[in-house]
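What's in my_file.tsv: TSV, C-alpha atoms and all ligand atoms
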chain	number	residue	atom	x	y	z
I	819	MET	CA	-40.10	14.05	-11.50
I	820	THR	CA	-39.97	11.73	-14.49
I	821	ASP	CA	-39.83	7.97	-13.99
I	822	GLN	CA	-36.37	7.94	-15.46
I	823	ALA	CA	-35.08	10.66	-13.12
I	824	LEU	CA	-36.60	8.78	-10.20
I	825	ALA	CA	-34.86	5.57	-11.23
I	826	VAL	CA	-31.54	7.39	-11.43
I	827	ASP	CA	-32.18	8.97	-8.03
I	828	GLN	CA	-32.95	5.63	-6.45
I	829	GLN	CA	-29.83	4.17	-7.93
I	830	ALA	CA	-27.82	7.07	-6.53
I	831	MET	CA	-29.32	6.43	-3.09
I	832	GLU	CA	-28.52	2.73	-3.26
I	833	THR	CA	-24.95	3.47	-4.24
I	834	GLN	CA	-24.43	6.16	-1.58
I	835	PRO	CA	-20.98	5.13	-0.37
I	836	GLN	CA	-20.53	3.79	3.14
I	837	GLY	CA	-17.48	3.85	5.35
I	838	LEU	CA	-15.40	0.90	6.51
I	839	VAL	CA	-14.31	0.53	10.12
I	840	VAL	CA	-11.69	-2.04	11.09
I	841	ASN	CA	-11.35	-2.40	14.83
I	842	SER	CA	-8.60	-4.22	16.70
I	843	LEU	CA	-8.15	-6.94	14.08
I	844	THR	CA	-5.77	-9.69	15.18
I	845	HIS	CA	-4.80	-12.80	13.25
I	846	ARG	CA	-2.36	-15.63	13.83
I	847	TYR	CA	-1.29	-18.22	11.28
I	848	GLY	CA	-0.80	-21.14	13.64
I	849	THR	CA	1.05	-19.49	16.50
I	850	ALA	CA	2.67	-16.75	14.39
I	851	LEU	CA	1.10	-13.35	14.99
I	852	ALA	CA	0.58	-11.77	11.55
I	853	ILE	CA	-1.53	-8.73	12.49
I	854	ASP	CA	-1.85	-7.26	15.96
I	855	ARG	CA	-4.86	-5.10	16.92
I	856	ILE	CA	-5.11	-3.29	13.59
I	857	THR	CA	-7.53	-0.34	13.82
I	858	PHE	CA	-8.33	2.18	11.07
I	859	ASP	CA	-11.24	3.46	9.02
I	860	VAL	CA	-11.99	4.37	5.42
I	861	ARG	CA	-14.54	7.17	5.13
I	862	PRO	CA	-17.39	6.92	2.64
I	863	GLY	CA	-15.95	7.35	-0.86
I	864	GLU	CA	-12.40	7.74	0.43
I	865	VAL	CA	-9.27	6.00	-0.87
I	866	VAL	CA	-6.97	4.74	1.89
I	867	ALA	CA	-3.68	2.95	1.26
I	868	LEU	CA	-2.27	0.25	3.53
I	869	LEU	CA	1.45	0.72	3.16
I	870	GLY	CA	4.40	-1.15	4.61
I	871	PRO	CA	7.26	-3.50	3.85
I	872	SER	CA	6.70	-7.01	2.55
I	873	GLY	CA	5.47	-9.35	5.29
I	874	CYS	CA	4.05	-6.62	7.57
I	875	GLY	CA	0.52	-8.04	7.30
I	876	LYS	CA	-1.16	-5.91	4.61
I	877	SER	CA	-2.66	-8.81	2.66
I	878	THR	CA	-3.80	-10.46	5.88
I	879	VAL	CA	-5.85	-7.33	6.68
I	880	LEU	CA	-7.32	-7.26	3.19
I	881	ARG	CA	-8.11	-10.97	3.15
I	882	SER	CA	-9.82	-10.62	6.52
I	883	ILE	CA	-12.04	-7.82	5.20
I	884	ALA	CA	-12.85	-9.84	2.07
I	885	GLY	CA	-13.73	-12.86	4.21
I	886	LEU	CA	-11.04	-15.09	2.72
I	887	ILE	CA	-9.60	-15.68	6.18
I	888	LYS	CA	-11.25	-15.46	9.57
I	889	PRO	CA	-9.27	-13.32	12.04
I	890	GLN	CA	-9.30	-14.47	15.67
I	891	GLU	CA	-10.15	-11.08	17.14
I	892	GLY	CA	-11.63	-7.75	16.12
I	893	THR	CA	-14.57	-6.45	14.16
I	894	ILE	CA	-15.14	-5.15	10.63
I	895	THR	CA	-18.13	-2.96	9.86
I	896	MET	CA	-19.38	-1.25	6.73
I	897	GLY	CA	-21.94	1.46	7.42
I	898	ALA	CA	-24.14	-0.03	10.14
I	899	GLN	CA	-23.44	-3.63	9.10
I	900	ARG	CA	-21.06	-6.11	10.71
I	901	LEU	CA	-19.06	-7.64	7.85
I	902	ASP	CA	-16.91	-10.10	9.75
I	903	THR	CA	-19.84	-12.31	10.70
I	904	MET	CA	-21.13	-12.47	7.11
I	905	PRO	CA	-20.11	-15.04	4.49
I	906	ALA	CA	-17.55	-13.69	1.98
I	907	ARG	CA	-19.86	-13.68	-1.04
I	908	THR	CA	-22.54	-11.53	0.63
I	909	ARG	CA	-20.17	-8.80	1.83
I	910	GLY	CA	-20.54	-6.68	-1.32
I	911	ILE	CA	-16.82	-6.43	-1.96
I	912	GLY	CA	-14.92	-6.19	-5.24
I	913	MET	CA	-11.32	-7.34	-5.13
I	914	VAL	CA	-8.35	-7.02	-7.47
I	915	PHE	CA	-5.11	-8.96	-6.97
I	916	GLN	CA	-1.63	-8.44	-8.33
I	917	ASN	CA	-1.74	-11.42	-10.68
I	918	TYR	CA	-4.98	-10.44	-12.49
I	919	ALA	CA	-6.56	-13.86	-11.74
I	920	LEU	CA	-8.67	-13.75	-14.91
I	921	PHE	CA	-10.21	-16.95	-16.27
I	922	PRO	CA	-7.87	-17.74	-19.19
I	923	HIS	CA	-10.47	-19.58	-21.27
I	924	LEU	CA	-13.11	-16.82	-21.00
I	925	THR	CA	-13.17	-13.71	-23.21
I	926	VAL	CA	-12.83	-10.24	-21.75
I	927	GLU	CA	-16.60	-9.69	-21.68
I	928	GLU	CA	-17.22	-13.14	-20.19
I	929	ASN	CA	-14.66	-12.43	-17.48
I	930	VAL	CA	-16.27	-9.10	-16.61
I	931	GLY	CA	-19.77	-10.61	-16.73
I	932	TYR	CA	-18.88	-13.63	-14.61
I	933	PRO	CA	-19.98	-12.17	-11.24
I	934	LEU	CA	-23.25	-11.10	-12.86
I	935	THR	CA	-23.85	-14.59	-14.25
I	936	CYS	CA	-23.29	-15.91	-10.72
I	937	GLN	CA	-25.85	-13.38	-9.44
I	938	GLY	CA	-28.35	-14.66	-12.03
I	939	LEU	CA	-28.73	-11.27	-13.73
I	940	PRO	CA	-30.79	-11.58	-16.95
I	941	ARG	CA	-28.71	-11.80	-20.12
I	942	SER	CA	-29.77	-8.47	-21.64
I	943	GLU	CA	-29.06	-6.52	-18.45
I	944	ARG	CA	-25.78	-8.33	-18.09
I	945	ARG	CA	-24.70	-7.41	-21.61
I	946	GLN	CA	-25.53	-3.79	-21.01
I	947	ARG	CA	-23.67	-3.62	-17.70
I	948	VAL	CA	-20.60	-5.34	-19.18
I	949	ALA	CA	-20.57	-2.90	-22.11
I	950	GLU	CA	-20.73	0.03	-19.67
I	951	LEU	CA	-17.90	-1.35	-17.59
I	952	LEU	CA	-15.68	-1.99	-20.62
I	953	THR	CA	-16.27	1.59	-21.74
I	954	LEU	CA	-15.42	2.78	-18.24
I	955	VAL	CA	-12.02	1.05	-18.34
I	956	ARG	CA	-11.59	1.94	-22.04
I	957	LEU	CA	-11.54	-1.62	-23.32
I	958	ASP	CA	-14.77	-1.59	-25.32
I	959	THR	CA	-12.94	-2.64	-28.48
I	960	MET	CA	-11.47	-5.72	-26.82
I	961	ALA	CA	-14.62	-7.47	-25.60
I	962	ARG	CA	-14.04	-10.64	-27.61
I	963	ARG	CA	-10.37	-11.11	-26.84
I	964	LEU	CA	-8.92	-13.70	-24.52
I	965	PRO	CA	-6.72	-12.50	-21.64
I	966	ARG	CA	-3.59	-13.91	-23.30
I	967	GLU	CA	-4.25	-11.65	-26.30
I	968	GLN	CA	-3.91	-8.59	-24.06
I	969	SER	CA	-1.03	-6.75	-22.41
I	970	GLY	CA	-0.57	-6.92	-18.64
I	971	GLY	CA	-2.03	-3.45	-18.19
I	972	GLN	CA	-5.11	-4.33	-20.24
I	973	GLN	CA	-5.63	-7.55	-18.28
I	974	GLN	CA	-5.46	-5.60	-15.05
I	975	ARG	CA	-8.12	-3.19	-16.32
I	976	VAL	CA	-10.32	-6.21	-17.09
I	977	ALA	CA	-9.78	-7.37	-13.52
I	978	VAL	CA	-10.82	-3.92	-12.23
I	979	ALA	CA	-13.95	-3.95	-14.42
I	980	ARG	CA	-14.80	-7.42	-13.13
I	981	ALA	CA	-14.35	-6.30	-9.53
I	982	LEU	CA	-16.77	-3.43	-10.16
I	983	ALA	CA	-19.35	-5.52	-12.04
I	984	ALA	CA	-21.52	-6.45	-9.09
I	985	ARG	CA	-21.59	-2.80	-7.89
I	986	PRO	CA	-19.65	-3.45	-4.70
I	987	ASN	CA	-19.81	-1.13	-1.68
I	988	LEU	CA	-16.11	-1.53	-1.17
I	989	LEU	CA	-13.20	-2.00	-3.56
I	990	LEU	CA	-10.13	-3.84	-2.27
I	991	LEU	CA	-6.94	-3.72	-4.34
I	992	ASP	CA	-3.96	-5.86	-3.31
I	993	GLU	CA	-0.76	-4.61	-5.01
I	994	PRO	CA	-2.85	-4.23	-8.17
I	995	PHE	CA	-0.09	-2.85	-10.36
I	996	GLY	CA	2.81	-4.72	-8.81
I	997	ALA	CA	3.47	-6.87	-11.86
I	998	LEU	CA	3.62	-3.96	-14.29
I	999	ASP	CA	6.53	-1.78	-15.33
I	1000	ARG	CA	6.88	1.73	-13.97
I	1001	ALA	CA	5.49	3.80	-16.85
I	1002	LEU	CA	2.46	1.55	-17.24
I	1003	ARG	CA	1.88	1.59	-13.50
I	1004	PHE	CA	1.67	5.35	-13.54
I	1005	ASP	CA	-0.85	5.32	-16.40
I	1006	LEU	CA	-2.99	2.80	-14.54
I	1007	GLN	CA	-2.77	4.76	-11.30
I	1008	VAL	CA	-4.08	7.85	-13.10
I	1009	GLU	CA	-6.79	5.72	-14.70
I	1010	MET	CA	-7.72	4.20	-11.35
I	1011	LEU	CA	-8.00	7.65	-9.76
I	1012	ARG	CA	-10.29	8.82	-12.57
I	1013	LEU	CA	-12.46	5.73	-12.18
I	1014	GLN	CA	-12.61	5.96	-8.41
I	1015	ARG	CA	-13.49	9.67	-8.52
I	1016	SER	CA	-16.30	9.11	-11.01
I	1017	LEU	CA	-17.74	6.17	-9.04
I	1018	GLY	CA	-17.01	7.52	-5.56
I	1019	ILE	CA	-16.55	3.99	-4.29
I	1020	THR	CA	-14.96	3.44	-0.88
I	1021	THR	CA	-11.54	1.97	-1.69
I	1022	LEU	CA	-8.73	0.31	0.23
I	1023	ILE	CA	-5.51	-0.29	-1.67
I	1024	VAL	CA	-2.55	-2.31	-0.44
I	1025	THR	CA	0.91	-1.47	-1.67
I	1026	HIS	CA	4.54	-1.55	-0.61
I	1027	ASP	CA	5.28	1.30	-3.03
I	1028	GLN	CA	5.22	4.64	-1.21
I	1029	GLU	CA	4.87	6.66	-4.40
I	1030	GLU	CA	1.88	4.64	-5.47
I	1031	ALA	CA	0.29	5.08	-2.05
I	1032	GLN	CA	0.94	8.82	-2.03
I	1033	SER	CA	-0.42	9.36	-5.51
I	1034	LEU	CA	-3.61	7.34	-5.02
I	1035	ALA	CA	-4.68	7.72	-1.42
I	1036	GLY	CA	-6.12	10.54	0.65
I	1037	ARG	CA	-4.76	8.91	3.79
I	1038	LEU	CA	-2.09	6.31	4.47
I	1039	VAL	CA	-2.11	3.58	7.08
I	1040	LEU	CA	1.56	2.83	7.73
I	1041	MET	CA	2.12	-0.75	8.91
I	1042	ASN	CA	5.20	-2.38	10.36
I	1043	LYS	CA	5.50	-5.89	11.78
I	1044	GLY	CA	1.75	-6.44	12.03
I	1045	ARG	CA	1.01	-3.13	13.72
I	1046	VAL	CA	-0.21	0.30	12.68
I	1047	GLU	CA	2.56	2.90	13.07
I	1048	GLN	CA	0.75	5.99	11.80
I	1049	ILE	CA	-2.43	7.05	10.01
I	1050	ASP	CA	-2.32	10.41	8.25
I	1051	THR	CA	-2.40	12.24	4.94
I	1052	PRO	CA	0.66	11.69	2.71
I	1053	THR	CA	2.04	15.15	3.47
I	1054	ALA	CA	1.48	14.84	7.23
I	1055	VAL	CA	3.23	11.46	7.23
I	1056	TYR	CA	6.14	13.00	5.31
I	1057	ASP	CA	6.43	16.19	7.38
I	1058	ALA	CA	5.58	14.81	10.81
I	1059	PRO	CA	6.53	11.13	11.00
I	1060	LYS	CA	5.74	9.59	14.37
I	1061	SER	CA	8.51	7.02	14.33
I	1062	LEU	CA	11.95	6.43	12.88
I	1063	PHE	CA	10.41	3.62	10.85
I	1064	VAL	CA	7.87	5.95	9.20
I	1065	ASN	CA	10.49	8.65	8.70
I	1066	SER	CA	12.76	6.26	6.81
I	1067	PHE	CA	10.02	4.36	4.97
I	1068	ILE	CA	8.36	7.46	3.48
I	1069	GLY	CA	11.02	9.36	1.59
I	1070	GLN	CA	14.63	9.30	2.68
I	1071	ALA	CA	15.99	10.17	6.10
I	1072	ASN	CA	19.59	10.82	7.11
I	1073	GLN	CA	20.23	9.47	10.60
I	1074	LEU	CA	22.63	11.17	12.97
I	1075	PRO	CA	23.11	9.34	16.27
I	1076	GLY	CA	23.57	11.37	19.43
I	1077	ILE	CA	22.75	11.92	23.09
I	1078	ILE	CA	20.26	14.39	24.55
I	1079	GLN	CA	22.28	17.09	26.28
I	1080	SER	CA	19.43	19.28	27.42
I	1081	ALA	CA	15.69	19.14	27.01
I	1082	GLY	CA	14.08	22.58	27.16
I	1083	ALA	CA	10.50	23.72	26.79
I	1084	ASP	CA	10.72	24.24	23.06
I	1085	HIS	CA	14.09	22.88	22.00
I	1086	SER	CA	16.21	19.83	22.63
I	1087	ILE	CA	19.95	20.04	22.27
I	1088	VAL	CA	21.57	16.87	21.00
I	1089	ARG	CA	25.28	16.12	21.21
I	1090	LEU	CA	25.91	14.26	17.98
I	1091	ALA	CA	28.25	11.28	17.92
I	1092	VAL	CA	30.28	13.21	15.35
I	1093	GLY	CA	31.01	15.87	18.00
I	1094	GLN	CA	28.86	18.91	17.18
I	1095	LYS	CA	25.73	19.97	18.97
I	1096	ILE	CA	22.45	20.46	17.20
I	1097	LYS	CA	19.37	22.31	18.44
I	1098	VAL	CA	16.08	20.80	17.28
I	1099	PRO	CA	12.54	22.04	18.00
I	1100	ARG	CA	10.94	19.87	20.65
I	1101	GLN	CA	8.39	17.35	19.40
I	1102	VAL	CA	8.44	14.93	22.31
I	1103	GLU	CA	10.15	15.14	25.63
I	1104	PHE	CA	13.40	13.27	26.11
I	1105	VAL	CA	15.38	12.81	29.30
I	1106	VAL	CA	18.94	14.09	29.47
I	1107	ASP	CA	21.51	11.51	28.29
I	1108	ALA	CA	18.90	9.53	26.35
I	1109	PRO	CA	20.42	7.95	23.22
I	1110	VAL	CA	18.62	9.30	20.18
I	1111	VAL	CA	18.73	9.58	16.41
I	1112	VAL	CA	18.33	12.98	14.77
I	1113	THR	CA	16.89	12.69	11.28
I	1114	CYS	CA	16.90	15.12	8.38
I	1115	ARG	CA	15.71	14.82	4.80
I	1116	PRO	CA	18.30	15.15	2.00
I	1117	GLU	CA	16.53	18.30	0.77
I	1118	ASP	CA	17.13	19.92	4.18
I	1119	VAL	CA	20.91	19.49	3.95
I	1120	THR	CA	22.84	22.17	2.02
I	1121	LEU	CA	26.51	22.36	1.06
I	1122	VAL	CA	28.00	25.69	2.14
I	1123	SER	CA	31.44	27.14	1.51
I	1124	GLY	CA	32.35	28.45	4.95
I	1125	ALA	CA	32.27	26.93	8.43
I	1126	ASN	CA	30.32	28.43	11.30
I	1127	ALA	CA	29.09	27.27	14.71
I	1128	THR	CA	26.23	25.25	13.24
I	1129	THR	CA	27.83	23.64	10.19
I	1130	LEU	CA	29.18	20.08	10.04
I	1131	PRO	CA	32.41	19.32	8.20
I	1132	ALA	CA	32.05	16.51	5.65
I	1133	ARG	CA	33.78	14.92	2.70
I	1134	VAL	CA	32.15	14.36	-0.67
I	1135	SER	CA	31.91	10.70	-1.69
I	1136	VAL	CA	30.05	11.24	-4.92
I	1137	ALA	CA	27.94	13.90	-6.67
I	1138	ILE	CA	25.14	12.88	-9.02
I	1139	ALA	CA	22.96	15.14	-11.17
I	1140	LEU	CA	19.50	13.55	-11.25
I	1141	GLY	CA	17.44	15.60	-13.67
I	1142	PRO	CA	16.50	18.76	-11.81
I	1143	THR	CA	18.35	17.87	-8.61
I	1144	LEU	CA	21.96	17.57	-7.56
I	1145	VAL	CA	22.56	14.79	-5.05
I	1146	HIS	CA	25.69	14.58	-2.91
I	1147	GLU	CA	26.65	11.50	-0.93
I	1148	LEU	CA	28.90	12.65	1.91
I	1149	THR	CA	30.70	11.28	4.93
I	1150	LEU	CA	30.96	13.00	8.31
I	1151	ALA	CA	34.13	12.90	10.43
I	1152	ASP	CA	32.93	9.81	12.37
I	1153	GLY	CA	32.07	7.90	9.19
I	1154	THR	CA	28.32	8.59	9.28
I	1155	GLU	CA	26.98	8.77	5.74
I	1156	ILE	CA	24.69	11.62	4.83
I	1157	ARG	CA	22.88	12.61	1.65
I	1158	ALA	CA	22.19	16.15	0.45
I	1159	SER	CA	19.81	16.93	-2.37
I	1160	GLN	CA	19.38	20.39	-3.86
I	1161	MET	CA	17.55	21.80	-6.86
I	1162	ARG	CA	20.22	22.34	-9.49
I	1163	ASP	CA	20.96	25.81	-10.78
I	1164	GLN	CA	23.49	27.08	-13.31
I	1165	SER	CA	25.89	28.48	-10.72
I	1166	MET	CA	26.12	25.25	-8.76
I	1167	ARG	CA	29.31	23.26	-8.96
I	1168	PRO	CA	29.10	19.57	-8.04
I	1169	GLY	CA	31.57	18.57	-5.30
I	1170	LYS	CA	34.53	16.39	-6.26
I	1171	PRO	CA	35.11	13.03	-4.57
I	1172	GLY	CA	37.25	13.58	-1.47
I	1173	GLU	CA	36.60	17.32	-1.36
I	1174	ALA	CA	36.14	18.84	2.11
I	1175	VAL	CA	32.89	20.79	2.47
I	1176	PHE	CA	30.57	22.09	5.19
I	1177	LEU	CA	26.96	21.12	5.65
I	1178	SER	CA	24.18	23.32	6.89
I	1179	ILE	CA	21.16	21.43	8.17
I	1180	ASP	CA	17.71	22.99	8.41
I	1181	THR	CA	17.25	22.00	12.06
I	1182	ALA	CA	13.67	23.30	12.15
I	1183	ARG	CA	12.77	20.35	9.97
I	1184	CYS	CA	14.77	17.72	11.86
I	1185	HIS	CA	13.14	15.06	14.03
I	1186	ILE	CA	14.42	13.25	17.09
I	1187	PHE	CA	13.60	9.63	17.84
I	1188	PRO	CA	14.80	7.23	20.53
I	1189	ALA	CA	17.81	5.25	19.28
I	1190	PRO	CA	16.59	1.89	17.99
I	1191	ALA	CA	17.15	-1.05	20.32
I	1192	GLY	CA	20.40	-2.82	19.49
I	1193	SER	CA	22.13	0.26	18.07
I	1194	SER	CA	25.52	1.05	19.61
I	1195	LEU	CA	24.21	4.14	21.40
I	1196	SER	CA	21.16	2.53	22.93
I	1197	SER	CA	23.35	0.12	24.88
I	1198	SER	CA	24.51	2.98	27.09
I	1199	PRO	CA	22.27	3.35	30.15
I	1200	SER	CA	19.54	6.00	29.94
I	1201	HIS	CA	18.18	7.62	33.03
I	1301	LIG	N1	-1.17	-18.63	4.67
I	1301	LIG	C1	-0.19	-18.30	5.53
I	1301	LIG	N2	0.30	-19.18	6.42
I	1301	LIG	C2	1.27	-18.86	7.29
I	1301	LIG	N3	1.83	-17.63	7.38
I	1301	LIG	C3	1.39	-16.69	6.53
I	1301	LIG	C4	0.36	-16.97	5.56
I	1301	LIG	N4	0.13	-15.83	4.86
I	1301	LIG	C5	0.97	-14.90	5.37
I	1301	LIG	N5	1.72	-15.40	6.37
I	1301	LIG	C6	2.71	-14.67	7.17
I	1301	LIG	O1	2.05	-13.59	7.83
I	1301	LIG	C7	2.82	-12.41	7.77
I	1301	LIG	C8	2.05	-11.31	7.06
I	1301	LIG	O2	1.88	-11.69	5.70
I	1301	LIG	P1	1.09	-10.83	4.64
I	1301	LIG	O3	-0.22	-10.41	5.24
I	1301	LIG	O4	1.02	-11.60	3.38
I	1301	LIG	O5	2.04	-9.57	4.49
I	1301	LIG	P2	2.17	-8.49	3.30
I	1301	LIG	O6	0.95	-8.57	2.46
I	1301	LIG	O7	2.32	-7.19	4.03
I	1301	LIG	O8	3.42	-8.83	2.55
I	1301	LIG	C9	4.13	-12.79	7.12
I	1301	LIG	O9	5.07	-13.09	8.12
I	1301	LIG	C10	3.78	-14.02	6.31
I	1301	LIG	O10	4.89	-14.85	6.16
I	1302	MG	MG	0.75	-8.94	0.36
Represent the structure from my file as structure tokens, please.
Amino acid sequence: MTDQALAVDQQAMETQPQGLVVNSLTHRYGTALAIDRITFDVRPGEVVALLGPSGCGKSTVLRSIAGLIKPQEGTITMGAQRLDTMPARTRGIGMVFQNYALFPHLTVEENVGYPLTCQGLPRSERRQRVAELLTLVRLDTMARRLPREQSGGQQQRVAVARALAARPNLLLLDEPFGALDRALRFDLQVEMLRLQRSLGITTLIVTHDQEEAQSLAGRLVLMNKGRVEQIDTPTAVYDAPKSLFVNSFIGQANQLPGIIQSAGADHSIVRLAVGQKIKVPRQVEFVVDAPVVVTCRPEDVTLVSGANATTLPARVSVAIALGPTLVHELTLADGTEIRASQMRDQSMRPGKPGEAVFLSIDTARCHIFPAPAGSSLSSSPSH
């Protein structure tokens, strides 16, 4: 083996990605519980997205991993090493925030090289590494510019290059594209995926944007009110949500309130508040009379011309053609609003406002969840 090949091999060994394990992380700001026993892992080289509404504790998890705050309970390990007991600067983490956080008075190359200057890397090596990084994020022609002479997307790529400069074991991204417009976000997401794939770096990204999470991450950690609700691949989360929260947060979910009429071995029959009965494959066991919500995705609701035993009568509120799909907003007899979304074809006629139609629901794809506390149905006693 040549010396050069050996050097490359050694570098590859050093940069062999490691996995991150977060175990039972709990943090309070004062007395307010921000995150509550958060447990998940990121496998070596994997991209995981922490996803949830604003205020659910995503940044608190990220800041704990980075060492910017000290959580009261739980452990964080990377490979065989405990991270949470180490000082922030020795954890080997690169971090990118929403607001770029570049030094305004430093040029692009000085910004990217800053962590290397701090590490005391010799000037020549530093220059070479910075040039490589700028090529990687396709900004090699902008080395001498100041951040204010760049667009938002370019500044964010500088921030990514800077985060990668010290060859971190773990890349943390907190709403990295949140300040950018939609088209640019998509370009940067594609760019980020390319970069991550080529480097194979273990990556945790925080976002409140479900599309961003689904396009970037192999697995999603769904958070709500400081807790983990579900950890799964994007498709598993979409097809088999474990809670009403997840069902409604990822994609859209129509909600039909009802009461369990019978709970069989493979089906539950729900008496909907609107009057009809609906038979849904059993996912969890419910007791008879339990107040529940049956959910269905808009794409699983179809407008049909004739009534039968399983259709629901409805009235069209509005029909909207959205590119390839035709979306109907409808109202059931009891006032429940429901959305239907179908791929448009030539023969399809959009419903007129006020028109009476019938809905066929693909019950095999429905889910049943306990009625949320405080809803009108949940106030009735369940046995
Ligand atoms: N420095 C802080 N001091 C007090 N409360 C905070 C602080 N940072 C965040 N919080 C609170 O902790 C909760 C979680 O916040 P955060 O982790 O920033 O959520 P997210 O990133 O999901 O929007 C929120 O209720 C927020 O108001
Ligand atoms: Mg945040």
### Task
May I ask you to write as a list of chain:residue names all residues lying at most 6 Å from ligand LIG 1301 (chain I), with all atoms listed in the file counted?
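So, counting all atoms listed in the file, the residues near ligand LIG 1301 (chain I) are I:Tyr847, I:Ala852, I:Ser872, I:Gly873, I:Cys874, I:Gly875, I:Lys876, I:Ser877, I:Thr878.
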### Message
Within 8 Å of (8.0, -5.2, 11.5) in the file's own coordinates, which protein, DNA or RNA residues have an atom, counting only C-alpha atoms? List them as a count of residues only.
### Response
8
#### Entry: Spatial neighbours of Thr1025 of chain I, 6 Å, all atoms listed in the file, chain gap at least 2 places, as a list of chain:residue names
I:Leu869, I:Glu993, I:Asp1027
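Nearest to ligand MG 1302 (chain I) of all the residues I:Asp999, I:Asp992, I:Glu967, I:Asp902 is I:Asp992, counting only C-alpha atoms and all ligand atoms.
Distances from I:Arg962, I:Asp859, I:Val1024, I:Gln836 to ligand MG 1302 (chain I) were compared using all atoms listed in the file, and the smallest one belongs to I:Val1024.
Between atom CA of Leu880 of chain I and atom CA of Phe915 of chain I lies a distance of 10.5 Å.
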#### Entry: Polymer residues at most 7 Å from Leu988 of chain I, only C-alpha atoms, same-chain spacing of 4 or more positions, as a VMD selection string
chain I and resid 910 to 912 1019 to 1021
### Distance in Å - atom CA of Val1105 of chain I versus atom CA of Ser1080 of chain I
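Here the two named atoms are 7.9 Å from each other.
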